[in-house]
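Asker: Handing you a structure now.
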Amino acid sequence: MRTRLLLLLLCFIGLLTSCQREKETRVTDFVDPFIGTAGQGHCFPGATVPFGGIQLSPDNPRSGWEWCSGYHYSDSIISSFSHSHLSGTGIGDLQDIRLLPVTTRPQAGEKAIDFITKGYAKFSHANETAEPGYYSVTFDNGIKTELTVTSRCGMHSYQYPTNSVYGLTLDLTTARNWDRTVMTSIKKINNRTIQGYRKSTGWAKEHNVYFFMEFSQDVDVWAGNDTLKLLKNGQKLVSNQGYAFIDFGTTTNKVLVKVSLSSANCEGAAANLDKELSHWSFDKVKREAKQRWKRTLSKIKAEGASKEEMRVFYTALYHAYLAPYLFSDAHGNYKGPDGEIHSVGKANQYTVFSLWDTFRAAHPLFTITQKNRVNDMIKSFIRHYEAHGLLPNWELMGNESHCMIGNHAIPIITEAYLKGIRDFDVEKAYEAMKETSLSQGNGLRLFRTYNYIPCDLEKESVSKTLEYAYDDWCMAQMAKALNKEDDYLYFMEASKNYKNVFDSSTGFMRAKLSDGKWKTPFSPFASAHRDDDYTEGNAWQYSWFVPHDVEGLIALHGGKAAFANKLDSLFTLPSTIEGDNVSPDISGLIGQYAQGNEPSHHVAYLFNYTDTPNKTQYYVDKIRRELYTDRPDGLCGNEDCGQMSAWYVFSAMGFYPVNPSDGKYQLGTPMFKKVTIKLGQDRKFVIKANRENDQYIYVKEVLLNGDELNRTWITHDEIMNGGELEFVLTSEIPQK
């Protein structure tokens with residue numbers, strides 16, 4: 001009897017331990033994909049996996065700034081569930097292969113587009129659920145939709161009201177925002193399979209999406225471009241407009257649909273299903289997607305914060321791991337920027353490189369937690385160069401969009417190499433970097449000729465001058481590491497060109513004419529979106545972008561005290577922006593500081609270079625508290641493929657990469673009592689802080705592995721070697 005009681009007790013203790021362990025590690029419970037779906041966040045709430053090639057999410061029937069991701073929380077109508085979405089961008093595109101469950105059949109002679117739009121369904125957020133790898137909604141008409149994904153496949157579950165029509169519309173024609181449909185195809189393979197394609201142009205100039213779709217039961221397929229006609233097995237519709245109605249009959253009111261995409265061909269899409277989704281268990285796919293998110297997010301374990309702060313943090317980490325997207329299919333094929341089909345074999349090609357945004361913090365985060373993927377991303381850069389002749393600027397679905405300024409694949413490659421991430425063709429990478437740096441487009445010829453970019457010859461001249469100067473500094477560091485002395489000297493000298501647009505009389509980076517005179521009139525508060533001297537900003541926001549030579553920037557201002565005073569003004573001035581066409585990207589304002597756009601992201605940490613690091617601590621905490629929340633409108637600007645979120649991840653942990661390629665992270669103030677970063681091979685880096693309450697934001701002392709750290713930064717190697725960083729915090733500004 002005693003033995004049985006002991007066994008029962010041990011089993012009970014084991015069960016409690018297991019439940020507690022599960023409770024402690026369910027980081028996915030803190031992720032809310034609805035954060036950022038309202039306001040200007042431009043996030044989508046649907047199902048995807050880390051860096052996955054499918055983003056299966058609901059769409060609203062509208063275009064416009066708020067609907068760049070296809071979905072905005074203010075809406076109450078769903079027009080489709082499509083398989084490709086952008087996360088947080090300021091331009092709308094994609095939303096390919098649209099499906100929508102309906103409870104009516106098309107009438108004889110009814111226009112296909114009328115039938116499609118008639119099916120658009122009302123819903124309430126009270127009947128909507130989103131979590132990592134899963135989305136569900138129940139329409140007001142009673143249809144319940146559930147969505148989940150693998151890396152390259154999407155799975156739909158539709159449950160209809162009994163005794164209704166069990167149908168599904170397929171819309172290959174409708175296009176939102178910049179997108180425009182060029183050609184479509186729908187072919188019925190057999191009673192349970194269709195395939196086809198959608199070719200479009202827009203932000204992605206040549207966007208080809210091939211699909212392969214399987215149903216859990218026999219279907220009739222009605223397709224057309226004007227009215228819908230029954231397709232027999234083997235029949236195909238090819239048209240510049242393509243619509244279909246899939247009729248599931250009356251056998252069962254719950255059906256499943258599997259969809260896969262390829263940029264190469266339908267065979268690649270079919271191979272994706274064979275490789276990743278050969279079964280019909282929706283719950284298994286959902287469970288495995290959630291497990292992938294759990295493994296990925298658990299590399300950083302945060303403790304000792306409120307539930308709201310935990311939700312903001314882990315949702316930020318989730319958003320940081322959405323892009324870039326897997327692009328090659330199961331055959332290893334993908335469409336390149338030259339329009340040709342390329343193969344990577346068993347390797348992975350990635351797409352959606354929002355580099356002007358993500359070089360700042362998202363890619364530095366990857367060098368800590370996603371080292372293998374960093375190699376794959378750089379290999380993707382190199383393949384892009386081999387097909388296109390230049391490194392990617394803003395690569396989208398196998399297209400070079402040339403959307404933003406700078407050549408920020410260069411700092412990403414330099415950063416990776418200098419951090420010891422080198423499993424790529426280094427000499428080919430350097431060749432691509434140099435070829436890109438010395439190319440002639442986007443103001444670079446002027447930059448090399450004048451040692452700045454004249455504003456009367458090129459728009460956004462100040463921003464381009466500053467960003468090319470930084471890129472050239474990164475080029476110089478790579479050249480130095482590879483013992484290319486002449487290149488090192490050349491690019492180091494060019495990296496000083498930022499000084500040529502600094503006006504000492506005003507204290508701002510300012511537009512200069514080709515004759516060497518300053519452009520007038522001048523107001524540091526003025527903005528004209530993509531049509532003046534600054535990219536998505538003004539002089540107040542852009543004059544701080546010299547991350548490679550902050551000491552030189554301080555010297556231009558006359559020393560640390562003057563520089564700190566100017567920084568103070570940035571945060572305390574009125575938030576008025578002047579102009580008739582102010583950039584909508586200037587958002588999240590504290591004074592003239594704009595957290596809602598990337599050029600400001602390093603600026604609060606510049607106080608560390610003066611004698612007032614306490615102001616870095618104060619403003620980092622203020623930005624975190626005031627401009628990030630766990631509501632749908634919880635982001636103060638476009639999420640921008642992970643950058644807005646990566647800023648928060650770093651800043652919540654207590655450090656940030658002001659210059660991603662110098663191997664240093666500037667210290668801020670941690671939000672958690674403890675953060676553990678799992679580095680692999682049983683190594684971990686632990687950040688501790690005596691965060692007693694929200695007033696404990698000032699750093700009295702920092703210890704690295706028990707020794708006092710008499711500097712405001714730590715190195716990448718110090719993190720990756722493992723150890724412990726301890727912040728001693730106080731609610732008062734420490735006395736010097």
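Following the order of the structure tokens, chains are lettered A, B, ..., residues in each are numbered from 1, and ligands are numbered from 1.
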As a PyMOL selection string, please: every residue in segment 445-513 of chain A that DSSP puts in helix (DSSP H, G or I).
Answerer: chain A and resi 445-450+461-481+485-501
Asker: Residues within 10 Å of His601 of chain A, please, as a PyMOL selection string. Count only C-alpha atoms; anything in the same chain fewer than 6 positions from it doesn't count.
Answerer: chain A and resi 357+360-361+541+545+593-595+643-644+647-648+656-658
Asker: Run DSSP on the backbone and give me the residues of segment 487-734 of chain A it puts in strand (DSSP E or B), as a ChimeraX atom specification.
Answerer: /A:502-503,508-509,512,518,526-528,578-581,589-590,593-594,628,635,655-656,664-667,674-680,683-689,698-704,707-708,713-715,723-730
Asker: For each of A:Gly142, A:Pro161, A:Gly516, A:Pro599, take the minimum atom-to-atom distance to Phe359 of chain A, counting only C-alpha atoms, then give the residue where this is smallest.
Answerer: A:Pro599
Asker: Which neighbours of segment 487-497 of chain A fall inside 7 Å, counting only C-alpha atoms, when residues of the same chain fewer than 2 positions from it are skipped, and could you give them as JSON, numbers by chain?
Answerer: {"A": [451, 452, 469, 470, 472, 473, 475, 476, 477, 479, 480, 484, 485, 499, 500]}
Asker: Which neighbours of Ala429 of chain A fall inside 7 Å, counting only C-alpha atoms, when residues of the same chain fewer than 4 positions from it are skipped, and could you give them as a list in words?
Answerer: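 The contact residues come out as Ile382, Asp425 and Met433 of chain A.
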Asker: Report, in Å with one decimal, the straight-line distance from atom CA of Asp171 of chain A to atom CA of Asp96 of chain A.
Answerer: 8.8 Å
Asker: Measuring atom to atom with only C-alpha atoms, identify which of A:Tyr135, A:Gly249, A:Ser461, A:Gly507 is nearest to Asn163 of chain A.
Answerer: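 Looking only at the distances to Asn163 of chain A, the closest residue turns out to be A:Gly249.
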Asker: Nearest residue to Lys187 of chain A out of A:Lys678, A:Lys232, A:Lys615, A:His207, using only C-alpha atoms?
Answerer: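 Comparing A:Lys678, A:Lys232, A:Lys615, A:His207 against Lys187 of chain A, the winner is A:Lys232.
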Asker: Just the residues within 12 Å of Tyr498 of chain A, please, counting only C-alpha atoms, with nothing from its chain fewer than 5 positions along; format it as number ranges by chain.
Answerer: A: 447, 450-453, 461-473, 492-493, 503, 508-512, 542-550, 552-553, 556
Asker: Interatomic distance between atom CA of Gly46 of chain A and atom CA of Lys290 of chain A?
Answerer: 13.0 Å
Asker: Under the rule that only C-alpha atoms are counted, which of A:Gln440, A:Gln40, A:Asn141, A:Ser87 is the nearest residue to Gln55 of chain A?
Answerer: A:Ser87
Asker: Taking only C-alpha atoms into account, name the residue in A:Glu427, A:Gly202, A:Ala269, A:Lys459 that is nearest to Glu400 of chain A.
Answerer: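 The shortest atom-to-atom distance to Glu400 of chain A comes from A:Gly202.
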Asker: Find the residue from A:Ser328, A:Gln95, A:Thr629, A:Asn225 that sits nearest to Gly52 of chain A; use only C-alpha atoms when measuring.
Answerer: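 Nearest to Gly52 of chain A: A:Ser328.
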Asker: Find the residues of segment 487-552 of chain A that sit at most 10 Å from segment 560-578 of chain A; for each, write down the nearest two atoms and how far apart they are in Å, to one decimal. Count only C-alpha atoms. Sort by chain, then by number going up, and give it as JSON lines.
Answerer:
{"residue": "A:Gly507", "atom": "CA", "partner": "A:Lys566", "partner_atom": "CA", "distance": 8.5}
{"residue": "A:Ser523", "atom": "CA", "partner": "A:Glu578", "partner_atom": "CA", "distance": 8.3}
{"residue": "A:Pro524", "atom": "CA", "partner": "A:Glu578", "partner_atom": "CA", "distance": 8.9}
{"residue": "A:Phe525", "atom": "CA", "partner": "A:Ile577", "partner_atom": "CA", "distance": 5.3}
{"residue": "A:Ala526", "atom": "CA", "partner": "A:Glu578", "partner_atom": "CA", "distance": 4.4}
{"residue": "A:Ser527", "atom": "CA", "partner": "A:Glu578", "partner_atom": "CA", "distance": 6.1}
{"residue": "A:Ala528", "atom": "CA", "partner": "A:Glu578", "partner_atom": "CA", "distance": 8.6}
{"residue": "A:Gly537", "atom": "CA", "partner": "A:Ile577", "partner_atom": "CA", "distance": 9.4}
{"residue": "A:Asn538", "atom": "CA", "partner": "A:Ile577", "partner_atom": "CA", "distance": 8.3}
{"residue": "A:Trp540", "atom": "CA", "partner": "A:Leu570", "partner_atom": "CA", "distance": 6.8}
{"residue": "A:Gln541", "atom": "CA", "partner": "A:Leu570", "partner_atom": "CA", "distance": 8.1}
{"residue": "A:Trp544", "atom": "CA", "partner": "A:Leu567", "partner_atom": "CA", "distance": 9.0}
{"residue": "A:Glu551", "atom": "CA", "partner": "A:Lys560", "partner_atom": "CA", "distance": 8.8}
Asker: Restricted to C-alpha atoms, what would the selected residues look like written as a compact mmCIF listing (two decimals), in the first residue's frame?
Answerer:
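Generated output (again08.txt):
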# COMPACT_ATOMS: atom_id res chain seq x y z
CA GLY A 507 24.37 72.50 -36.99
CA SER A 523 14.10 74.73 -42.47
CA PRO A 524 15.12 71.70 -40.41
CA PHE A 525 11.42 71.03 -39.74
CA ALA A 526 10.43 70.72 -43.41
CA SER A 527 9.48 67.50 -45.19
CA ALA A 528 8.29 66.66 -48.70
CA GLY A 537 12.32 62.62 -42.83
CA ASN A 538 13.72 66.07 -42.24
CA TRP A 540 16.25 67.10 -37.47
CA GLN A 541 15.79 63.37 -37.99
CA TRP A 544 22.46 62.07 -36.73
CA GLU A 551 33.15 60.92 -32.50
Asker: Which residues, written as a ChimeraX atom specification, have at least one atom at most 8 Å from Ala330 of chain A, with only C-alpha atoms counted and residues fewer than 4 positions away on the same chain left out?
Answerer: /A:268-269,271-272,275
Asker: Work out how far apart atom CA of Thr117 of chain A and atom CA of Lys229 of chain A are and give it in Å to one decimal.
Answerer: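 Between atom CA of Thr117 of chain A and atom CA of Lys229 of chain A the gap works out to 17.8 Å.
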Asker: Excluding segment 721-733 of chain A and residues on its chain fewer than 3 positions from it, collect all residues at most 9 Å away from it, counting only C-alpha atoms, and give them as a ChimeraX atom specification.
Answerer: /A:614,654,669-670,677-679,683-706,716-718
Asker: Go ahead and save the picked residues with C-alpha atoms, as a PDB file, in the first residue's frame.
Answerer:
ATOM      1  CA  ASN A 614      21.507  58.527 -18.263  1.00  0.00           C
ATOM      2  CA  GLY A 654      19.346  46.371 -22.565  1.00  0.00           C
ATOM      3  CA  THR A 669      18.384  50.003 -19.680  1.00  0.00           C
ATOM      4  CA  PRO A 670      16.845  46.512 -19.515  1.00  0.00           C
ATOM      5  CA  ILE A 677      19.878  34.099 -24.719  1.00  0.00           C
ATOM      6  CA  LYS A 678      20.533  30.507 -25.754  1.00  0.00           C
ATOM      7  CA  LEU A 679      23.594  30.436 -27.996  1.00  0.00           C
ATOM      8  CA  ARG A 683      26.308  28.292 -23.992  1.00  0.00           C
ATOM      9  CA  LYS A 684      24.079  31.129 -22.879  1.00  0.00           C
ATOM     10  CA  PHE A 685      24.307  34.833 -22.242  1.00  0.00           C
ATOM     11  CA  VAL A 686      22.319  36.073 -19.256  1.00  0.00           C
ATOM     12  CA  ILE A 687      21.274  39.668 -18.614  1.00  0.00           C
ATOM     13  CA  LYS A 688      20.177  40.438 -15.065  1.00  0.00           C
ATOM     14  CA  ALA A 689      18.787  43.615 -13.540  1.00  0.00           C
ATOM     15  CA  ASN A 690      17.286  44.631 -10.209  1.00  0.00           C
ATOM     16  CA  ARG A 691      14.237  46.088 -11.951  1.00  0.00           C
ATOM     17  CA  GLU A 692      12.248  46.720  -8.759  1.00  0.00           C
ATOM     18  CA  ASN A 693       9.638  48.902 -10.458  1.00  0.00           C
ATOM     19  CA  ASP A 694       9.103  51.082 -13.523  1.00  0.00           C
ATOM     20  CA  GLN A 695      11.159  53.896 -11.976  1.00  0.00           C
ATOM     21  CA  TYR A 696      14.297  51.759 -11.882  1.00  0.00           C
ATOM     22  CA  ILE A 697      15.624  52.843 -15.256  1.00  0.00           C
ATOM     23  CA  TYR A 698      18.966  54.476 -14.463  1.00  0.00           C
ATOM     24  CA  VAL A 699      22.165  52.446 -14.546  1.00  0.00           C
ATOM     25  CA  LYS A 700      24.316  52.793 -11.456  1.00  0.00           C
ATOM     26  CA  GLU A 701      26.759  50.033 -12.341  1.00  0.00           C
ATOM     27  CA  VAL A 702      27.259  47.282 -14.907  1.00  0.00           C
ATOM     28  CA  LEU A 703      29.083  44.033 -14.254  1.00  0.00           C
ATOM     29  CA  LEU A 704      30.304  41.656 -16.966  1.00  0.00           C
ATOM     30  CA  ASN A 705      30.997  38.193 -15.571  1.00  0.00           C
ATOM     31  CA  GLY A 706      31.319  39.758 -12.135  1.00  0.00           C
ATOM     32  CA  HIS A 716      29.446  40.762 -29.992  1.00  0.00           C
ATOM     33  CA  ASP A 717      32.148  38.327 -28.938  1.00  0.00           C
ATOM     34  CA  GLU A 718      31.384  38.982 -25.264  1.00  0.00           C
TER      35      GLU A 718
END
